[in-house]
Amino acid sequence: MGSELDDQDCRDFLGSIRVGDLYSGTATEVTQSRGVAVTLDVFPRRPLGMVGPLGLSWRRRATGAVQVGQRITGEVVAVDLDEGIAWLSMAAAEEPELWAFLSSLRPGELLSGTVAAIERFGVFVALDQGPAHPVFPGVGFITIPELSWRRFETASDIVQVGQRVSGEFLYFDTWNGEARLSVRATQPDPFQAFADSTMVGETLHGQVTKLVPFGAFVQVADGIEGLIHLQELTATPVGTPEEVVQVGDEVSAVVTGLDRERRRLSLSCRQVAPDLR
């Protein structure tokens, strides 16, 4: 009965706190995988606070930066009632000006800045507004998929260091202290315009751009690619797409599916009328 009451007290306490609240406590356990467990001063019965590895500090990433028994102050970034944890960020408490700026942003807001660095995982943007990031080249960050609607090989195909860019604010990445941005959200989606003028059953002509084990991708319009599944390449069963087509080949294909939400175009060479091949 005592354990059940204790569990209920924990849930009641966690339910009462809010993202943005500031709490202090003592580090009771430090692990590489989870981070730092914290016994909060306002609830000393058990460690309900948790500082993840990326929430420790933007200056001190390793969990070795915190020792058991050390005093910690952190801002609540998330509350997990099922797991019984309040996730904290020491970084938020260390950089209040940056945190306040990022917290003030709203989804859909347009932010501008200069490309500060290009990495394989995305692009850092030094924003015109707000303070600088204490660790990263820029407070703004654009993941690879959010750079463009069109397919490209590397981020450098779309932007260059020093280039001016504008992006729509998506959300505040509390783990890294970043404003996640989208350049493609500021541009019209070419797939939707293509879908407006294309019908299932229509025959299109295009060039093979990529071969994969399950089929071939074909560009049928500027920025529009469709997939011909292996079984739709030919009426005769084949084991690989290379048996039928090569990159650069011109092909005709029938539209068999248009998925606006997932932006997917399905094609078939097998279904093309003989007089249109």
# chains A, B, ... in the order shown; residues from 1 in each chain; ligands from 1
>>> select_by_dssp(residues="segment 66-231 of chain A", states="alpha helix (DSSP H)", output="count of residues only")
21
>>> closest_atom_pairs(of="segment 81-143 of chain A", to="segment 33-55 of chain A", cutoff="6 Å", atoms="only C-alpha atoms", output="CSV")
residue,atom,partner,partner_atom,distance
A:Ile85,CA,A:Leu48,CA,5.1
A:Ala86,CA,A:Gly49,CA,4.9
A:Trp87,CA,A:Met50,CA,4.9
A:Leu88,CA,A:Val51,CA,4.9
A:Ser89,CA,A:Gly55,CA,4.4
A:Met90,CA,A:Gly55,CA,5.9
>>> write_last_selection(atoms="all heavy atoms", output="tab-separated table (two decimals), in the first residue's frame")
chain	number	residue	atom	x	y	z
A	85	ILE	N	9.49	10.32	-15.09
A	85	ILE	CA	10.73	11.10	-15.18
A	85	ILE	C	10.42	12.52	-15.66
A	85	ILE	O	9.59	12.72	-16.54
A	85	ILE	CB	11.73	10.45	-16.16
A	85	ILE	CG1	12.33	9.18	-15.56
A	85	ILE	CG2	12.86	11.42	-16.51
A	85	ILE	CD1	13.23	8.45	-16.50
A	86	ALA	N	11.11	13.48	-15.06
A	86	ALA	CA	11.12	14.85	-15.57
A	86	ALA	C	12.49	15.07	-16.21
A	86	ALA	O	13.51	15.04	-15.53
A	86	ALA	CB	10.90	15.85	-14.44
A	87	TRP	N	12.51	15.23	-17.53
A	87	TRP	CA	13.77	15.46	-18.23
A	87	TRP	C	14.21	16.90	-18.05
A	87	TRP	O	13.43	17.84	-18.26
A	87	TRP	CB	13.61	15.14	-19.72
A	87	TRP	CG	13.48	13.67	-19.98
A	87	TRP	CD1	12.34	12.97	-20.16
A	87	TRP	CD2	14.55	12.73	-20.08
A	87	TRP	NE1	12.61	11.63	-20.36
A	87	TRP	CE2	13.96	11.45	-20.31
A	87	TRP	CE3	15.94	12.82	-19.98
A	87	TRP	CZ2	14.72	10.30	-20.47
A	87	TRP	CZ3	16.69	11.67	-20.13
A	87	TRP	CH2	16.10	10.43	-20.37
A	88	LEU	N	15.46	17.06	-17.64
A	88	LEU	CA	16.01	18.38	-17.34
A	88	LEU	C	17.13	18.73	-18.31
A	88	LEU	O	17.77	17.84	-18.88
A	88	LEU	CB	16.55	18.44	-15.91
A	88	LEU	CG	15.62	18.00	-14.78
A	88	LEU	CD1	16.39	18.01	-13.46
A	88	LEU	CD2	14.41	18.91	-14.71
A	89	SER	N	17.38	20.02	-18.46
A	89	SER	CA	18.51	20.49	-19.26
A	89	SER	C	19.31	21.50	-18.45
A	89	SER	O	18.81	22.56	-18.08
A	89	SER	CB	18.02	21.13	-20.56
A	89	SER	OG	19.11	21.77	-21.23
A	90	MET	N	20.57	21.14	-18.17
A	90	MET	CA	21.46	22.09	-17.53
A	90	MET	C	21.81	23.22	-18.49
A	90	MET	O	22.03	24.36	-18.10
A	90	MET	CB	22.73	21.39	-17.07
A	90	MET	CG	22.54	20.38	-15.95
A	90	MET	SD	24.00	19.34	-15.69
A	90	MET	CE	25.24	20.57	-15.30
>>> residues_around(residues="Asp222 of chain A", least_positions_apart="4", cutoff="12 Å", atoms="only C-alpha atoms", output="number ranges by chain")
A: 149-151, 189-191, 193-194, 206-207, 218, 226
>>> atom_distance(atom1="atom CA of Ala91 of chain A", atom2="atom CA of Val123 of chain A")
21.6 Å
>>> residues_around(residues="segment 261-270 of chain A", least_positions_apart="4", cutoff="10 Å", atoms="only C-alpha atoms", output="PyMOL selection string")
chain A and resi 149+189-192+195+200-204+216-218+220+224-236+251-257+274+277
>>> residues_around(residues="Ala116 of chain A", least_positions_apart="2", cutoff="12 Å", atoms="only C-alpha atoms", output="VMD selection string")
chain A and resid 113 to 114 118 to 119 122 to 128 132 to 133 136 to 142 159 to 165
>>> select_by_dssp(residues="segment 2-199 of chain A", states="strand (DSSP E)", output="VMD selection string")
chain A and resid 22 to 31 35 to 40 49 to 51 71 to 80 85 to 89 110 to 119 122 to 127 140 to 143 164 to 173 178 to 182
>>> closest_residue(among="A:Val115, A:Val19, A:Ala93, A:Leu14", to="Val77 of chain A", atoms="only C-alpha atoms")
A:Val19
>>> atom_distance(atom1="atom CA of Glu250 of chain A", atom2="atom CA of Val208 of chain A")
6.5 Å
>>> residues_around(residues="Leu105 of chain A", least_positions_apart="4", cutoff="12 Å", atoms="only C-alpha atoms", output="list in words")
Leu98, Trp99, Ala100, Phe101, Glu109, Leu110, Leu111, Gln129, Gly130, Gly140, Glu168, Phe169, Leu170, Tyr171, Phe172, Asp173, Glu178, Ala179, Arg180 and Leu181 of chain A
>>> write_last_selection(atoms="C-alpha atoms", output="short mmCIF file (atom, residue, chain, number, x, y, z; two decimals), in the first residue's frame")
data_model
loop_
_atom_site.label_atom_id
_atom_site.label_comp_id
_atom_site.auth_asym_id
_atom_site.auth_seq_id
_atom_site.Cartn_x
_atom_site.Cartn_y
_atom_site.Cartn_z
CA LEU A 98 19.51 31.87 -25.97
CA TRP A 99 16.85 29.71 -24.34
CA ALA A 100 14.46 32.65 -24.03
CA PHE A 101 15.00 33.57 -27.70
CA GLU A 109 7.77 32.03 -38.42
CA LEU A 110 10.28 33.00 -41.13
CA LEU A 111 13.90 33.30 -40.01
CA GLN A 129 18.28 37.57 -34.80
CA GLY A 130 19.06 36.25 -31.34
CA GLY A 140 19.60 27.68 -36.90
CA GLU A 168 10.40 28.42 -41.83
CA PHE A 169 10.78 27.70 -38.11
CA LEU A 170 9.66 24.13 -37.41
CA TYR A 171 10.42 23.61 -33.73
CA PHE A 172 12.82 24.30 -30.87
CA ASP A 173 15.31 21.45 -30.53
CA GLU A 178 18.76 24.89 -32.02
CA ALA A 179 16.02 26.40 -34.14
CA ARG A 180 15.10 23.69 -36.64
CA LEU A 181 14.36 25.31 -39.99
#
